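The next block holds one structure in the form of structure tokens; read it before the comments.
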Amino acid sequence: MTAVADDASPKPLSPLDVVDSTVSHSARIWNYWLGGKDNYDVDRRVGDEILAYVPELVRSARADRHFLTRAVHYLAAEAGVRQFLDIGTGLPTVDNTHEVAQRVAPESRIVYVDNDPLVLTHAHALLTSTAEGATAYIDADVRDPEAIVRAAAGTLDFDRPVAITMLGILNFVLDDDQARDIVHRLLDSVPAGSHLVVSHPTTEVDGEAMTGAVDYWNSQGTAPMRLRTRDELARLFDRVTLVEPGVVSCSRWRPREDAELGRIVDVTHFCGVGVKP
Ligand SMILES: C[S@@+](CC[C@H](N)C(=O)[O-])C[C@H]1O[C@@H](n2cnc3c(N)ncnc32)[C@H](O)[C@@H]1O
């Protein structure tokens with residue numbers, strides 16, 4: 001595990017040193033769907049093959065990202081959260097967690113966690129911070145929550161509420177019990193008033209096509225993933241109290257008031273936000 005603290009310089013890694021550009025990677029395919037430039041031919045090829053199953057996935061990926069912006073804004077502006085543990089960060093894009101949180105509250109402290117070497121090479125873009133706040137990056141696996149919490153404790157105060165954001169990552173933990181156990185162990189390390197934010201691809205929209213897409217994904221040497229139903233996703237929130245509107249399609253979680261409600265359609269990524277009682 002590599003921890004890159006806010007007061008340390010990230011190691012000067014070159015993507016060519018650490019990245020296998022012949023095998024597609026989830027962070028890079030995701031970046032491609034979001035319209036980013038940090039991806040290779042192999043990621044675009046696999047990304048396009050997956051879109052042939054479910055063309056709506058681009059809309060869903062972007063709705064998931066917009067959910068992140070609205071959820072972090074809600075947490076900072078309405079729930080008063082000032083500490084964020086963002087696990088499964090992905091490649092930097094517009095409106096990263098620290099940018100949204102620090103726009104509302106400059107003193108916000110954010111720790112990013114991912115296990116993709118390319119995300120590590122871009123960590124410097126995640127380590128910008130207001131002078132009042134802090135950001136840090138940890139290279140770690142979500143399957144080791146205690147190691148994550150130990151490293152994050154250098155930046156976050158685990159005696160005060162923390163928002164644990166896990167967007168598009170628990171789908172890489174195939175076993176239901178293990179996924180729930182990871183969430184429980186993370187929640188055990190934070191006090192009441194802390195929040196859990198999860199988004200996850202589901203079988204709720206275009207289920208058959210999504211299953212075909214995931215079978216294809218899993219045949220391509222990327223980290224294997226799975227879909228969950230809305231109910232299976234809801235069970236990951238069994239230790240927290242869901243805030244309104246509960247577990248819904250990402251496009252329907254507190255849409256902006258200026259959005260044209262009539263145009264909102266369900267996307268395959270579902271999400272929820274809960275608070276630890
Ligand atoms: C689909 S992207 C989501 C990125 C971002 N959270 C968002 O919603 O836009 C999933 C991220 O999880 C990371 N990831 C996958 N498996 C992981 C694991 N076992 N431990 C840590 N990170 C992991 C990937 O590297 C990737 O950056």
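Ordering of the structure tokens sets the chain letters (A, B, ...), residue numbers begin anew at 1 in every chain, and ligands are numbered from 1 in the order given.
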
Item to complete: List all protein, DNA and RNA residues that have at least one atom no more than 7 Å from any atom of ligand 1, counting only C-alpha atoms and all ligand atoms, and write them as a ChimeraX atom specification.
Response: /A:26-27,30,64-65,68,87-91,113-116,119,140-143,166-169,172,223

Kindly export the residues of the current selection with C-alpha atoms, as a PDB file, in the first residue's frame.
ATOM      1  CA  SER A  26     -11.973  -0.291 -15.512  1.00  0.00           C
ATOM      2  CA  ALA A  27     -10.766   3.215 -14.519  1.00  0.00           C
ATOM      3  CA  TRP A  30     -14.870   4.642 -17.255  1.00  0.00           C
ATOM      4  CA  ASP A  64     -23.419   8.360 -11.818  1.00  0.00           C
ATOM      5  CA  ARG A  65     -20.820  11.137 -11.934  1.00  0.00           C
ATOM      6  CA  LEU A  68     -21.416  12.228  -7.033  1.00  0.00           C
ATOM      7  CA  ILE A  87     -12.848   4.759  -2.236  1.00  0.00           C
ATOM      8  CA  GLY A  88     -12.609   3.788  -5.926  1.00  0.00           C
ATOM      9  CA  THR A  89     -11.760   7.336  -6.958  1.00  0.00           C
ATOM     10  CA  GLY A  90     -11.133   6.765 -10.644  1.00  0.00           C
ATOM     11  CA  LEU A  91      -9.131   9.072 -12.856  1.00  0.00           C
ATOM     12  CA  VAL A 113      -8.292   5.536  -2.406  1.00  0.00           C
ATOM     13  CA  ASP A 114      -7.801   3.442  -5.536  1.00  0.00           C
ATOM     14  CA  ASN A 115      -5.712   0.426  -6.582  1.00  0.00           C
ATOM     15  CA  ASP A 116      -5.160   1.293 -10.251  1.00  0.00           C
ATOM     16  CA  VAL A 119      -4.845   6.580 -10.964  1.00  0.00           C
ATOM     17  CA  ALA A 140      -4.910   0.413  -1.534  1.00  0.00           C
ATOM     18  CA  ASP A 141      -7.463  -2.330  -2.118  1.00  0.00           C
ATOM     19  CA  VAL A 142     -11.035  -1.900  -0.910  1.00  0.00           C
ATOM     20  CA  ARG A 143     -10.872  -5.464   0.433  1.00  0.00           C
ATOM     21  CA  MET A 166     -17.999   4.165  -2.805  1.00  0.00           C
ATOM     22  CA  LEU A 167     -19.139   4.933  -6.328  1.00  0.00           C
ATOM     23  CA  GLY A 168     -18.900   2.144  -8.861  1.00  0.00           C
ATOM     24  CA  ILE A 169     -16.521   0.039  -6.776  1.00  0.00           C
ATOM     25  CA  PHE A 172     -15.803  -5.380  -8.189  1.00  0.00           C
ATOM     26  CA  ALA A 223     -10.994  -6.932 -13.037  1.00  0.00           C
TER      27      ALA A 223
END

Which residues of segment 37-114 of chain A sit at most 10 Å from segment 199-206 of chain A, using only C-alpha atoms? Give each one's shortest atom pair and distance in Å (one decimal place), in chain and ascending residue order, as JSON lines.
{"residue": "A:Tyr53", "atom": "CA", "partner": "A:Asp206", "partner_atom": "CA", "distance": 9.4}
{"residue": "A:Val54", "atom": "CA", "partner": "A:Asp206", "partner_atom": "CA", "distance": 7.4}
{"residue": "A:Glu56", "atom": "CA", "partner": "A:Asp206", "partner_atom": "CA", "distance": 8.9}
{"residue": "A:Leu57", "atom": "CA", "partner": "A:Pro201", "partner_atom": "CA", "distance": 9.6}
{"residue": "A:Ser60", "atom": "CA", "partner": "A:Pro201", "partner_atom": "CA", "distance": 8.7}
{"residue": "A:Ala61", "atom": "CA", "partner": "A:Pro201", "partner_atom": "CA", "distance": 9.2}
{"residue": "A:Asp64", "atom": "CA", "partner": "A:Ser199", "partner_atom": "CA", "distance": 7.0}
{"residue": "A:Arg65", "atom": "CA", "partner": "A:Ser199", "partner_atom": "CA", "distance": 9.6}
{"residue": "A:Phe67", "atom": "CA", "partner": "A:Ser199", "partner_atom": "CA", "distance": 8.6}
{"residue": "A:Leu68", "atom": "CA", "partner": "A:Ser199", "partner_atom": "CA", "distance": 8.8}

Worksheet item: If you run DSSP on the backbone, which residues of segment 165-243 of chain A are alpha helix (DSSP H), as a ChimeraX atom specification?
Response: /A:176-188,207-218,230-235

Worksheet item: Which of segment 72-271 of chain A counts as strand (DSSP E or B) under DSSP, as a PyMOL selection string please?
Response: chain A and resi 83-87+109-114+134-139+163-167+195-202+228+241-242+248-249+269-271

What lies within 12 Å of Asp238 of chain A using only C-alpha atoms, ignoring chain neighbours under 6 positions off, as a compact mmCIF listing (two decimals) with N, CA and C atoms, in the first residue's frame?
# COMPACT_ATOMS: atom_id res chain seq x y z
N ARG A 180 -20.83 -6.69 1.89
CA ARG A 180 -21.50 -6.14 3.08
C ARG A 180 -20.51 -6.02 4.24
N ASP A 181 -19.64 -7.04 4.37
CA ASP A 181 -18.66 -7.03 5.44
C ASP A 181 -17.70 -5.82 5.30
N VAL A 183 -18.39 -2.94 3.92
CA VAL A 183 -19.14 -1.74 4.31
C VAL A 183 -19.28 -1.68 5.83
N HIS A 184 -19.58 -2.83 6.46
CA HIS A 184 -19.76 -2.84 7.92
C HIS A 184 -18.46 -2.45 8.62
N LEU A 187 -17.90 1.20 8.33
CA LEU A 187 -18.83 1.95 9.19
C LEU A 187 -18.45 1.80 10.66
N LEU A 196 -22.75 7.05 4.40
CA LEU A 196 -22.33 6.04 3.41
C LEU A 196 -22.98 6.41 2.08
N ASP A 231 -32.63 -4.35 -4.79
CA ASP A 231 -32.76 -4.88 -3.43
C ASP A 231 -31.40 -5.31 -2.87
N GLU A 232 -30.58 -5.93 -3.74
CA GLU A 232 -29.24 -6.33 -3.27
C GLU A 232 -28.41 -5.10 -2.91
N VAL A 247 -32.92 4.31 -2.25
CA VAL A 247 -32.10 3.72 -3.31
C VAL A 247 -32.85 3.85 -4.63
N GLY A 272 -27.52 5.40 -3.45
CA GLY A 272 -28.19 5.79 -2.22
C GLY A 272 -27.21 6.49 -1.29
N VAL A 273 -27.77 7.22 -0.34
CA VAL A 273 -26.98 7.89 0.70
C VAL A 273 -27.64 7.56 2.03
N GLY A 274 -26.84 7.09 3.00
CA GLY A 274 -27.38 6.78 4.31
C GLY A 274 -26.54 7.43 5.40
N VAL A 275 -27.15 7.59 6.58
CA VAL A 275 -26.42 8.18 7.71
C VAL A 275 -26.37 7.16 8.84
N LYS A 276 -25.21 7.06 9.50
CA LYS A 276 -25.06 6.12 10.60
C LYS A 276 -25.76 6.65 11.84
N PRO A 277 -26.71 5.87 12.40
CA PRO A 277 -27.47 6.38 13.55
C PRO A 277 -26.60 6.48 14.80

Discussion item. As an exercise, work out the distance from atom CA of Gly221 of chain A to atom CA of Cys271 of chain A in Å and give it to one decimal place.
Written reply: 26.7 Å

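Take the candidates A:Arg59, A:Val23, A:His73, A:Thr121 and check each one against His98 of chain A using only C-alpha atoms; the shortest distance goes to A:His73.
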
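Nearest to Val190 of chain A of all the residues A:Gln102, A:Thr211, A:Ser251, A:Gln83 is A:Gln83, based on only C-alpha atoms.
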
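Across the structure, atom CA of Ala151 of chain A and atom CA of Ser189 of chain A are spaced 12.6 Å apart.
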
Item to complete: For Arg70 of chain A, please output as a ChimeraX atom specification all residues within 9 Å (counting only C-alpha atoms; exclusion window: fewer than 6 positions along the same chain).
Response: /A:100,253-256

Worksheet entry | Nearest-residue call for Gly207 of chain A, choices A:Thr268, A:Thr97, A:Thr165, A:Thr222, using only C-alpha atoms | A:Thr268

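You can rank A:Ala134, A:Val243, A:Leu227, A:Ala79 by their closest distance to Gly193 of chain A using only C-alpha atoms, and at the top of that list sits A:Ala79.
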
Worksheet entry | Surrounding residues of Gly47 of chain A excluding itself and chain neighbours under 5 positions, 9 Å, only C-alpha atoms, as a PyMOL selection string | chain A and resi 24+29-30+32-33+42+52+217

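Each of A:Glu208, A:Asp20, A:Asp43, A:Asp38 was checked against Gln220 of chain A using only C-alpha atoms; the smallest atom-to-atom distance is that of A:Asp43.
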
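For the pair atom CA of Arg103 of chain A and atom CA of Leu170 of chain A, the separation is 27.6 Å.
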
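Nearest-residue note for Thr128 of chain A: choosing from A:Gly80, A:Gly154, A:Pro55, A:Pro106, the minimum distance belongs to A:Pro106, counting only C-alpha atoms.
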
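The neighbours of His122 of chain A here are the residues that come within 9 Å of it, using only C-alpha atoms and leaving out any residue fewer than 3 positions away in the same chain; they are Pro15, Leu91, Pro92, Pro117, Leu118, Val119, Ala125 and Leu126 of chain A.
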
For those residues, write N, CA and C atoms to a file as a CSV table (one decimal), in the first residue's frame.
chain,number,residue,atom,x,y,z
A,15,PRO,N,3.3,7.0,-16.5
A,15,PRO,CA,2.3,5.9,-16.8
A,15,PRO,C,3.0,4.7,-17.5
A,91,LEU,N,-10.0,8.0,-12.3
A,91,LEU,CA,-9.1,9.1,-12.9
A,91,LEU,C,-9.7,10.4,-12.6
A,92,PRO,N,-8.9,11.4,-12.4
A,92,PRO,CA,-9.4,12.8,-12.1
A,92,PRO,C,-10.3,13.3,-13.3
A,117,PRO,N,-2.8,1.5,-10.9
A,117,PRO,CA,-1.5,2.3,-11.0
A,117,PRO,C,-1.7,3.6,-11.8
A,118,LEU,N,-2.6,3.6,-12.8
A,118,LEU,CA,-2.7,4.9,-13.6
A,118,LEU,C,-3.3,6.0,-12.7
A,119,VAL,N,-4.2,5.6,-11.8
A,119,VAL,CA,-4.8,6.6,-11.0
A,119,VAL,C,-3.8,7.2,-10.1
A,125,ALA,N,-3.1,15.4,-9.4
A,125,ALA,CA,-4.2,16.2,-9.8
A,125,ALA,C,-5.3,16.2,-8.7
A,126,LEU,N,-5.3,15.1,-7.9
A,126,LEU,CA,-6.3,15.0,-6.8
A,126,LEU,C,-5.8,15.6,-5.5
